Structures are given as C-alpha cells and as structure tokens.
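K.L.:
What follows is my_file.txt, compact mmCIF, C-alpha atoms.
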```
# COMPACT_ATOMS: atom_id res chain seq x y z
CA MET E 1 0.00 0.00 0.00
CA GLY E 2 2.94 2.33 0.60
CA ASP E 3 2.92 5.26 2.99
CA PRO E 4 -0.69 6.46 3.31
CA GLY E 5 0.62 9.82 4.49
CA GLY E 6 2.30 10.40 1.15
CA THR E 7 1.41 13.49 -0.86
CA ASN E 8 -1.88 14.94 -2.03
CA SER E 9 -2.98 15.60 -5.62
CA ASN E 10 -0.90 18.80 -5.64
CA GLY E 11 2.24 16.97 -4.61
CA GLU E 12 2.14 18.50 -1.11
CA ALA E 13 3.15 16.49 1.94
CA MET E 14 0.19 15.18 3.96
CA ASN E 15 -0.01 14.64 7.67
CA ARG E 16 -1.02 11.22 8.93
CA PRO E 17 -4.31 11.21 10.86
CA ARG E 18 -3.67 11.02 14.62
CA VAL E 19 -6.06 9.12 16.86
CA GLY E 20 -5.95 9.26 20.64
CA LEU E 21 -7.44 6.39 22.66
CA ILE E 22 -8.44 6.74 26.32
CA CYS E 23 -7.72 3.10 27.04
CA ASN E 24 -5.10 0.83 28.55
CA GLU E 25 -2.51 0.32 25.81
CA LYS E 26 -2.39 -3.43 26.57
CA HIS E 27 -6.14 -3.88 26.14
CA ALA E 28 -6.69 -7.17 24.32
CA VAL E 29 -9.00 -5.72 21.68
CA PHE E 30 -8.10 -2.05 21.32
CA SER E 31 -4.35 -2.68 21.21
CA GLU E 32 -5.04 -4.85 18.16
CA VAL E 33 -7.34 -2.20 16.68
CA ALA E 34 -4.57 0.37 17.12
CA ALA E 35 -2.02 -1.93 15.48
CA ARG E 36 -4.27 -2.40 12.46
CA LEU E 37 -4.85 1.35 12.21
CA GLU E 38 -1.10 1.94 12.29
CA ARG E 39 -0.66 -0.52 9.43
CA VAL E 40 -2.94 1.59 7.20
CA GLY E 41 -1.24 4.86 8.07
CA VAL E 42 -3.06 6.15 11.16
CA GLU E 43 -0.96 7.24 14.13
CA THR E 44 -2.34 6.11 17.48
CA THR E 45 -1.62 7.31 21.01
CA PHE E 46 -2.97 5.69 24.17
CA PHE E 47 -3.95 7.77 27.21
CA GLU E 48 -4.24 5.91 30.50
CA PRO E 49 -7.84 6.07 31.82
CA GLY E 50 -8.14 8.50 34.71
CA ARG E 51 -5.38 10.75 33.42
CA SER E 52 -6.23 14.44 33.16
CA LEU E 53 -6.07 15.50 29.51
CA GLY E 54 -6.02 19.05 28.20
CA GLU E 55 -5.07 21.14 25.21
CA SER E 56 -1.43 20.06 25.19
CA GLU E 57 -2.40 16.39 24.79
CA LEU E 58 -5.50 16.75 22.63
CA SER E 59 -5.02 19.70 20.29
CA GLY E 60 -2.93 17.79 17.73
CA LEU E 61 -5.34 14.89 17.36
CA SER E 62 -7.61 14.14 14.42
CA LEU E 63 -9.95 11.99 16.51
CA LEU E 64 -10.41 11.16 20.21
CA MET E 65 -11.68 7.68 21.14
CA ASN E 66 -12.94 6.72 24.59
CA LYS E 67 -12.98 3.26 26.14
CA LYS E 68 -13.69 4.09 29.81
CA VAL E 69 -16.53 5.60 31.82
CA ASP E 70 -14.42 7.87 34.01
CA PRO E 71 -14.67 11.47 35.29
CA GLU E 72 -11.56 12.42 33.30
CA SER E 73 -13.08 10.89 30.16
CA PHE E 74 -16.11 13.17 30.59
CA ARG E 75 -13.78 16.17 30.91
CA ALA E 76 -11.65 15.21 27.91
CA LEU E 77 -14.69 14.60 25.71
CA ALA E 78 -16.26 17.87 26.84
CA TRP E 79 -13.03 19.66 25.87
CA ALA E 80 -13.10 17.93 22.49
CA GLU E 81 -16.70 18.94 21.84
CA SER E 82 -16.03 22.55 22.86
CA ASN E 83 -12.93 22.81 20.69
CA GLY E 84 -14.05 21.08 17.50
CA LEU E 85 -12.12 17.84 17.98
CA PRO E 86 -14.12 14.95 16.49
CA THR E 87 -14.73 11.98 18.76
CA TRP E 88 -15.46 8.30 18.51
CA ASN E 89 -18.05 7.57 21.21
CA GLY E 90 -18.14 11.11 22.49
CA PHE E 91 -19.69 13.03 25.35
CA VAL E 92 -23.35 12.24 24.61
CA PRO E 93 -22.96 8.43 24.37
CA LEU E 94 -20.91 8.50 27.58
CA LEU E 95 -23.92 10.00 29.39
CA LEU E 96 -25.51 6.54 29.10
CA GLY E 97 -23.15 5.54 31.90
CA ILE E 98 -25.36 7.60 34.24
CA ARG E 99 -27.71 4.79 35.10
CA PRO E 100 -31.09 6.61 35.20
CA LEU E 101 -30.29 8.15 31.80
CA GLY E 102 -29.15 4.79 30.46
CA ASP E 103 -32.38 3.13 31.60
CA TRP E 104 -34.42 5.96 30.10
CA ALA E 105 -32.63 5.62 26.75
CA LEU E 106 -33.14 1.84 26.70
CA ASP E 107 -36.85 2.33 27.34
CA ARG E 108 -37.07 5.12 24.78
CA VAL E 109 -35.86 2.92 21.91
CA GLY E 110 -38.22 0.09 22.83
CA PHE E 111 -36.48 -2.25 25.26
CA ARG E 112 -38.31 -3.76 28.22
CA VAL E 113 -36.46 -2.27 31.24
CA PRO E 114 -36.86 -3.16 34.95
CA LEU E 115 -38.32 -0.45 37.15
CA GLY E 116 -35.60 1.81 38.55
CA SER E 117 -35.57 3.96 41.68
CA PHE E 118 -33.33 6.07 43.89
CA GLU E 119 -35.04 4.50 46.89
CA LYS E 120 -34.24 0.97 48.00
CA PRO E 121 -37.17 -1.32 47.10
CA VAL E 122 -38.80 -3.70 49.55
CA GLY E 123 -38.57 -6.69 47.22
CA ASP E 124 -35.70 -8.31 45.35
CA HIS E 125 -33.55 -5.74 43.58
CA VAL E 126 -30.18 -5.03 42.02
CA ALA E 127 -28.17 -2.29 43.75
CA LYS E 128 -25.94 -0.17 41.52
CA THR E 129 -23.80 2.95 41.67
CA LEU E 130 -25.39 6.05 40.18
CA VAL E 131 -22.72 6.24 37.47
CA ASP E 132 -21.10 3.17 35.97
CA PHE E 133 -17.54 4.38 36.56
CA HIS E 134 -15.03 1.65 35.79
CA SER E 135 -13.47 2.00 39.24
CA GLN E 136 -16.76 1.46 41.09
CA PRO E 137 -17.99 -1.89 42.48
CA ASP E 138 -20.16 -4.20 40.39
CA PRO E 139 -23.94 -4.31 40.93
CA VAL E 140 -25.06 -6.59 43.76
CA LEU E 141 -28.26 -8.51 44.41
CA ASN E 142 -30.34 -7.13 47.29
CA GLY E 143 -27.57 -4.81 48.49
CA ASP E 144 -27.21 -1.12 49.13
CA GLY E 145 -26.50 1.35 46.34
CA GLU E 146 -27.31 4.69 44.76
CA TRP E 147 -29.61 3.39 42.01
CA TYR E 148 -31.88 0.37 42.26
CA GLN E 149 -33.43 -1.87 39.62
CA ALA E 150 -36.17 -4.39 40.23
CA HIS E 151 -34.62 -7.85 39.99
CA VAL E 152 -35.62 -9.93 36.98
CA PRO E 153 -35.77 -13.59 38.15
CA ALA E 154 -33.89 -14.85 35.11
CA PRO E 155 -31.33 -17.67 34.87
CA ALA E 156 -27.76 -16.58 35.61
CA ILE E 157 -27.07 -15.92 31.93
CA ASP E 158 -26.53 -12.59 30.15
CA TYR E 159 -26.92 -11.92 26.45
CA LYS E 160 -24.52 -9.10 25.67
CA TYR E 161 -25.41 -7.28 22.47
CA TYR E 162 -22.46 -5.42 20.95
CA ALA E 163 -23.02 -2.86 18.19
CA VAL E 164 -20.46 -1.06 16.00
CA ALA E 165 -21.29 1.60 13.41
CA THR E 166 -18.92 0.91 10.52
CA GLY E 167 -19.99 3.79 8.29
CA SER E 168 -22.08 1.63 5.95
CA THR E 169 -24.02 -0.38 8.54
CA ILE E 170 -24.31 -1.11 12.26
CA GLU E 171 -22.90 -4.56 12.95
CA VAL E 172 -24.33 -6.49 15.92
CA ARG E 173 -22.99 -9.58 17.66
CA VAL E 174 -24.18 -11.33 20.79
CA LEU E 175 -21.97 -12.91 23.43
CA LYS E 176 -23.63 -15.28 25.89
CA THR E 177 -21.97 -15.12 29.32
CA THR E 178 -22.58 -16.12 32.90
CA SER E 179 -24.00 -13.34 35.07
CA LYS E 180 -21.69 -11.52 37.47
CA LEU E 181 -24.66 -11.11 39.81
CA HIS E 182 -24.23 -14.79 40.62
CA GLY E 183 -20.46 -15.16 40.52
CA GLU E 184 -17.58 -14.53 38.15
CA LYS E 185 -18.57 -13.54 34.63
CA ARG E 186 -17.41 -16.08 32.04
CA PRO E 187 -17.84 -15.95 28.27
CA LEU E 188 -19.74 -18.97 26.94
CA GLU E 189 -20.37 -18.60 23.21
CA LEU E 190 -21.37 -16.27 20.43
CA VAL E 191 -25.03 -16.70 19.51
CA ALA E 192 -27.19 -15.37 16.68
CA PRO E 193 -28.77 -11.98 17.45
CA ASP E 194 -32.53 -11.76 17.69
CA PRO E 195 -33.42 -9.57 14.66
CA ASP E 196 -35.84 -7.34 16.57
CA LEU E 197 -33.46 -6.85 19.49
CA ALA E 198 -30.57 -6.14 17.12
CA ASP E 199 -32.65 -3.45 15.40
CA THR E 200 -33.48 -1.94 18.79
CA VAL E 201 -29.78 -1.77 19.66
CA ARG E 202 -29.17 -0.08 16.30
CA ARG E 203 -31.82 2.52 17.15
CA LEU E 204 -29.98 3.25 20.39
CA VAL E 205 -26.69 3.72 18.52
CA THR E 206 -28.39 6.08 16.07
CA MET E 207 -30.31 8.03 18.72
CA THR E 208 -27.18 8.74 20.75
CA ASP E 209 -24.87 9.31 17.77
CA ALA E 210 -22.60 6.60 19.15
CA GLN E 211 -20.07 4.56 17.22
CA ALA E 212 -20.18 1.55 19.56
CA LEU E 213 -22.38 0.38 22.41
CA GLY E 214 -23.17 -2.68 24.48
CA VAL E 215 -26.52 -3.71 25.93
CA ASP E 216 -26.95 -6.50 28.50
CA LEU E 217 -30.14 -8.53 28.32
CA VAL E 218 -31.58 -11.35 30.40
CA VAL E 219 -34.48 -13.69 29.62
CA ASP E 220 -37.34 -14.42 32.00
CA ASP E 221 -40.20 -16.64 30.86
CA GLY E 222 -39.37 -15.98 27.22
CA GLU E 223 -39.21 -12.20 27.57
CA TYR E 224 -36.01 -10.19 27.15
CA TRP E 225 -35.18 -7.43 29.63
CA ALA E 226 -32.48 -4.82 29.07
CA VAL E 227 -30.71 -4.50 32.42
CA ASP E 228 -27.69 -2.39 31.48
CA VAL E 229 -26.16 -0.29 28.71
CA ASN E 230 -22.41 0.10 28.29
CA PRO E 231 -21.12 3.17 26.43
CA ALA E 232 -17.54 1.86 26.59
CA PRO E 233 -17.66 -1.90 25.95
CA SER E 234 -14.54 -4.03 25.82
CA PHE E 235 -15.57 -6.20 22.82
CA ARG E 236 -13.53 -9.08 24.24
CA HIS E 237 -14.44 -12.49 22.76
CA THR E 238 -16.60 -10.91 20.02
CA GLY E 239 -14.20 -10.95 17.07
CA MET E 240 -15.27 -7.44 16.06
CA GLU E 241 -11.80 -5.97 15.54
CA ASP E 242 -12.36 -5.49 11.81
CA ASP E 243 -15.64 -3.70 12.50
CA LEU E 244 -13.97 -1.41 15.03
CA VAL E 245 -11.19 -0.51 12.58
CA ALA E 246 -13.78 0.21 9.88
CA SER E 247 -15.70 2.36 12.36
CA VAL E 248 -12.66 4.50 13.18
CA LEU E 249 -11.72 4.91 9.52
CA ALA E 250 -15.29 5.87 8.65
CA ARG E 251 -15.28 8.44 11.43
CA LEU E 252 -12.02 9.92 10.16
CA VAL E 253 -13.40 10.17 6.64
CA ALA E 254 -16.72 11.64 7.82
CA THR E 255 -14.93 14.37 9.74
CA ARG E 256 -12.15 15.01 7.21
CA GLU E 257 -13.21 18.61 6.62
CA ARG E 258 -12.98 19.38 10.34
CA VAL E 259 -9.63 17.79 11.21
CA GLU E 260 -6.22 19.34 10.86
CA ALA E 261 -4.66 16.31 9.21
CA ASP E 262 -5.60 15.34 5.66
CA VAL E 263 -7.22 11.93 5.35
CA PRO E 264 -5.29 10.00 2.69
CA GLU E 265 -7.21 8.68 -0.31
CA SER E 266 -6.00 5.18 0.57
CA LEU E 267 -8.02 5.37 3.80
CA ARG E 268 -11.12 6.73 2.07
CA GLU E 269 -11.05 3.77 -0.33
CA MET E 270 -11.29 1.40 2.64
CA VAL E 271 -14.62 2.91 3.76
CA GLU E 272 -17.91 2.47 1.93
CA LEU E 273 -19.42 5.95 1.76
```
Output the structure of this file as structure tokens.

P.N.:
Amino acid sequence: MGDPGGTNSNGEAMNRPRVGLICNEKHAVFSEVAARLERVGVETTFFEPGRSLGESELSGLSLLMNKKVDPESFRALAWAESNGLPTWNGFVPLLLGIRPLGDWALDRVGFRVPLGSFEKPVGDHVAKTLVDFHSQPDPVLNGDGEWYQAHVPAPAIDYKYYAVATGSTIEVRVLKTTSKLHGEKRPLELVAPDPDLADTVRRLVTMTDAQALGVDLVVDDGEYWAVDVNPAPSFRHTGMEDDLVASVLARLVATRERVEADVPESLREMVEL
C-alpha cells in the first residue's frame, strides 16, 4: 500500500491522521485495533484512563476515542466537543453511563427495562452505583447502592449485544456469558442476534450518535429485559476488531473537513461511503 501519508494531488506532503485512545494500551481488543490502524497509516496514542487531559495532549489529534466511563473521560470529551475535535463515542454516548439516563434511553428505543428507583425497594432488587464508573464496584443482588433496579428472576445468563457503526451499517454480535450477579462472569459462546433486538440496539446507537455500544439482556419466561447499557464496551471475545477498525476509519473520513490532518485517499477507499 505504501505510505498512506504520502502526498496529495498537488504533490504536497500530507499529515497522517492522529487518533488518541483513552484506554489501557495493553487492552486485548483495542491494542489490536490500534495496530491495524497503524498498518494503514493512522498514528495512534494511548492515554491511561483516569489521566487528566487538556489542550497540550489533545489539540494535535484528528480523533479522540474513549474506552472508559471515568470522570476524566467526561472532561476530555467535553473539551473535544467545545474545541471542535471529532470523537469516537463522544460526550453524549458517555452519558448513558449515568444509570437513570441509560435506563431511560433503553426504554425510549423500545427495550423492556426493569423499574428503577433512587429508593431501595422492599422486594428483590439489584443495587448499583449512580454512574457506571469503571473504578466502582459491580452491581449486587439485594444490596445497598445509589440506584436500584427491580430484579428480573432470570437464569444466571446474560446476552450481551455489541453494536459497532462501521460507516455503511451497524454490525451487531451477541456474546452469551454467565452473570456476574451470581459469581464470576465467564464468556460462553457467540449466539445469533434476535433480529428485533438487534434493530433496537441499532436505534440506540443512532439516537445517541454513538459509534459503539453494548446492551446487556436477560431472559425471563421468554421475555427479554435490558438490564444495562455500556457506552464503553470491551468487545472481548466478540471478534469485532475489523468492524472497530472500519468504524474508526469511517469516522475519520466523515470528519475530514474538520480535522487538521488530511485523510489520505487510501483510507477513504477502505470505507464504503
């Protein structure tokens, strides 16, 4: 392919697009995504989650990606939005990590969602933190928390719907796992998405202008309940690395008129517009 930075049609030197990732650089999925982006001419820089980021770190980027629900991620994405830096999973999708807003959004697009409350219910419930910060404890059954969901008496199995907007479509895969409410979460197998549920996840991606989301569902007596939404999913065990790369490239192309770096033609050709 040669150097995608290369020169433009006027023979002028072109800058390589620069993508910043708020993510652990050894992350099993996003380290591979970054490596594949580098191979097609995109520079990548990892920022450790929880690190304070400002103009000196962000101003030279073409795109800012976020992989953690963290106070510093909110601040960095707010800076990006205020200063015209395009994002991949930006400030608005990250608001889904505020649990009442996440539940509202799930309900809005058509999911069946357990009743939520700030007050501890009398009956069986799931206790959660108000915001799904990555450093906070996991939800617990019948415990104390800041946000409460009525407990759905489902088997200890989650169906995790993962969605990625690739520019031409929104790809959806489903990973069946054990539930962490009843012990350690373990991946079991990839299963075929339910077409109606997949379309509902796609509506959520579109409504929030997200590039990638996860929705956790459980099944009780044949009915699916959406019990959580993840605006910064890991995508482990899903095999969606190609989709994630396509999503980033599509985002770079879509924002090419707003970024400082030119997007090489070789990258544009990889994205179906």

K.L.:
For stretch 156-161 of chain E, please output as a list in words all residues within 8 Å (counting only C-alpha atoms; exclusion window: fewer than 5 positions along the same chain).

P.N.:
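With the cut-off at 8 Å, the set is Val172, Arg173, Val174, Leu175, Lys176, Thr177, Thr178, Ser179, Leu181, His182, Pro193, Ala198, Val201, Gly214, Val215, Asp216, Leu217 and Val218 of chain E.
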
K.L.:
Just the residues within 7 Å of E:Val33, please, counting all atoms listed in the file, with nothing from its chain fewer than 2 positions along; format it as a count of residues only.

P.N.:
9

K.L.:
Would you tabulate, counting only C-alpha atoms, all residues of stretch 52-136 of chain E that have an atom at most 6 Å from an atom of stretch 147-155 of chain E, showing the closest pair of atoms and their distance in Å to one decimal, sorted by chain then ascending number, as JSON lines?

P.N.:
```
{"residue": "E:Pro114", "atom": "CA", "partner": "E:Ala150", "partner_atom": "CA", "distance": 5.5}
{"residue": "E:Leu115", "atom": "CA", "partner": "E:Ala150", "partner_atom": "CA", "distance": 5.4}
{"residue": "E:Gly116", "atom": "CA", "partner": "E:Gln149", "partner_atom": "CA", "distance": 4.4}
{"residue": "E:Ser117", "atom": "CA", "partner": "E:Tyr148", "partner_atom": "CA", "distance": 5.2}
{"residue": "E:Phe118", "atom": "CA", "partner": "E:Trp147", "partner_atom": "CA", "distance": 5.0}
{"residue": "E:Asp124", "atom": "CA", "partner": "E:His151", "partner_atom": "CA", "distance": 5.5}
{"residue": "E:His125", "atom": "CA", "partner": "E:His151", "partner_atom": "CA", "distance": 4.3}
{"residue": "E:Val126", "atom": "CA", "partner": "E:Gln149", "partner_atom": "CA", "distance": 5.1}
{"residue": "E:Ala127", "atom": "CA", "partner": "E:Tyr148", "partner_atom": "CA", "distance": 4.8}
{"residue": "E:Lys128", "atom": "CA", "partner": "E:Trp147", "partner_atom": "CA", "distance": 5.1}
{"residue": "E:Thr129", "atom": "CA", "partner": "E:Trp147", "partner_atom": "CA", "distance": 5.8}
{"residue": "E:Leu130", "atom": "CA", "partner": "E:Trp147", "partner_atom": "CA", "distance": 5.3}
```

K.L.:
For E:Glu72, which residue among E:Val122, E:Leu53, E:Ala34, E:Ala165 is the nearest when counting all atoms listed in the file?

P.N.:
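Result for the nearest residue to E:Glu72: E:Leu53.
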
K.L.:
Give the answer as one residue: which of E:Pro93, E:Gly239, E:Gly110, E:Pro17 has the shortest atom-to-atom distance to E:Val205, using all atoms listed in the file?

P.N.:
E:Pro93

K.L.:
Point out the residue among E:Asp107, E:Lys180, E:Leu96, E:Arg18 with the least atom-to-atom distance to E:Val140, counting all atoms listed in the file.

P.N.:
E:Lys180

K.L.:
Out of E:Glu119, E:Asp228, E:Leu21, E:Glu146, which residue has the shortest atom-to-atom distance to E:Leu77 when counting all atoms listed in the file?

P.N.:
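The shortest atom-to-atom distance to E:Leu77 comes from E:Leu21.
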
K.L.:
Give the answer as one residue: which of E:Lys185, E:Pro195, E:Asp138, E:Asn15 has the shortest atom-to-atom distance to E:Gly41, using only C-alpha atoms?

P.N.:
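Smallest distance to E:Gly41 is found for E:Asn15.
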
K.L.:
Enter the distance from atom CA of E:Asp144 to atom CA of E:Trp104, in Å, rounded to one decimal.

P.N.:
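Interatomic distance here is 21.5 Å.
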
K.L.:
Which is closer to E:Leu85 than all the others in E:Leu58, E:Ile170, E:Ala105, E:Val191, using all atoms listed in the file?

P.N.:
E:Leu58

K.L.:
Quick one: pull the distance between atom CA of E:Gly50 and atom CA of E:Glu25, Å, one decimal.

P.N.:
13.3 Å

K.L.:
Quote the spacing between atom CA of E:Pro187 and atom CA of E:Asn230 in Å to one decimal place.

P.N.:
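Those two atoms sit 16.7 Å apart.
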
K.L.:
Please list as a ChimeraX atom specification every residue within 7 Å of E:Leu204, counting only C-alpha atoms and excluding residues in the same chain fewer than 4 positions away.

P.N.:
/E:109,200,208

K.L.:
Starting from the structure just given, write a file holding stretch 152-180 of chain E with N, CA and C atoms, as a compact mmCIF listing (two decimals), in the first residue's frame.

P.N.:
```
# COMPACT_ATOMS: atom_id res chain seq x y z
N VAL E 152 -34.94 -9.04 37.91
CA VAL E 152 -35.62 -9.93 36.98
C VAL E 152 -35.20 -11.36 37.32
N PRO E 153 -36.14 -12.22 37.71
CA PRO E 153 -35.77 -13.59 38.15
C PRO E 153 -35.41 -14.48 36.97
N ALA E 154 -34.34 -14.12 36.30
CA ALA E 154 -33.89 -14.85 35.11
C ALA E 154 -32.77 -15.83 35.49
N PRO E 155 -32.52 -16.83 34.66
CA PRO E 155 -31.33 -17.67 34.87
C PRO E 155 -30.07 -16.82 34.89
N ALA E 156 -29.00 -17.34 35.45
CA ALA E 156 -27.76 -16.58 35.61
C ALA E 156 -26.97 -16.50 34.31
N ILE E 157 -27.65 -16.03 33.27
CA ILE E 157 -27.07 -15.92 31.93
C ILE E 157 -27.37 -14.54 31.38
N ASP E 158 -26.35 -13.88 30.83
CA ASP E 158 -26.53 -12.59 30.15
C ASP E 158 -26.34 -12.77 28.65
N TYR E 159 -27.10 -12.00 27.89
CA TYR E 159 -26.92 -11.92 26.45
C TYR E 159 -26.43 -10.51 26.16
N LYS E 160 -25.15 -10.40 25.85
CA LYS E 160 -24.52 -9.10 25.67
C LYS E 160 -24.51 -8.75 24.18
N TYR E 161 -25.32 -7.76 23.84
CA TYR E 161 -25.41 -7.28 22.47
C TYR E 161 -24.38 -6.18 22.26
N TYR E 162 -23.50 -6.39 21.30
CA TYR E 162 -22.46 -5.42 20.95
C TYR E 162 -22.77 -4.85 19.58
N ALA E 163 -22.72 -3.53 19.47
CA ALA E 163 -23.02 -2.86 18.19
C ALA E 163 -21.88 -1.93 17.81
N VAL E 164 -21.52 -1.94 16.53
CA VAL E 164 -20.46 -1.06 16.00
C VAL E 164 -20.95 -0.45 14.70
N ALA E 165 -20.94 0.89 14.63
CA ALA E 165 -21.29 1.60 13.41
C ALA E 165 -20.05 1.69 12.53
N THR E 166 -20.10 1.01 11.38
CA THR E 166 -18.92 0.91 10.52
C THR E 166 -18.89 1.97 9.43
N GLY E 167 -19.91 2.81 9.36
CA GLY E 167 -19.99 3.79 8.29
C GLY E 167 -21.01 3.41 7.25
N SER E 168 -21.11 2.11 6.93
CA SER E 168 -22.08 1.63 5.95
C SER E 168 -23.23 0.89 6.61
N THR E 169 -23.00 0.39 7.83
CA THR E 169 -24.02 -0.38 8.54
C THR E 169 -23.71 -0.34 10.03
N ILE E 170 -24.57 -0.94 10.84
CA ILE E 170 -24.31 -1.11 12.26
C ILE E 170 -24.28 -2.61 12.52
N GLU E 171 -23.07 -3.12 12.72
CA GLU E 171 -22.90 -4.56 12.95
C GLU E 171 -23.25 -4.91 14.40
N VAL E 172 -23.92 -6.03 14.58
CA VAL E 172 -24.33 -6.49 15.92
C VAL E 172 -23.91 -7.94 16.11
N ARG E 173 -23.29 -8.21 17.25
CA ARG E 173 -22.99 -9.58 17.66
C ARG E 173 -23.44 -9.76 19.10
N VAL E 174 -23.68 -11.03 19.46
CA VAL E 174 -24.18 -11.33 20.79
C VAL E 174 -23.28 -12.37 21.45
N LEU E 175 -22.79 -12.01 22.63
CA LEU E 175 -21.97 -12.91 23.43
C LEU E 175 -22.78 -13.39 24.63
N LYS E 176 -22.94 -14.67 24.75
CA LYS E 176 -23.63 -15.28 25.89
C LYS E 176 -22.61 -15.50 27.00
N THR E 177 -22.90 -15.01 28.20
CA THR E 177 -21.97 -15.12 29.32
C THR E 177 -22.73 -15.53 30.58
N THR E 178 -21.98 -15.97 31.58
CA THR E 178 -22.58 -16.12 32.90
C THR E 178 -22.76 -14.74 33.52
N SER E 179 -23.69 -14.63 34.46
CA SER E 179 -24.00 -13.34 35.07
C SER E 179 -23.10 -13.08 36.26
N LYS E 180 -22.54 -11.87 36.33
CA LYS E 180 -21.69 -11.52 37.47
C LYS E 180 -22.50 -11.24 38.72
```
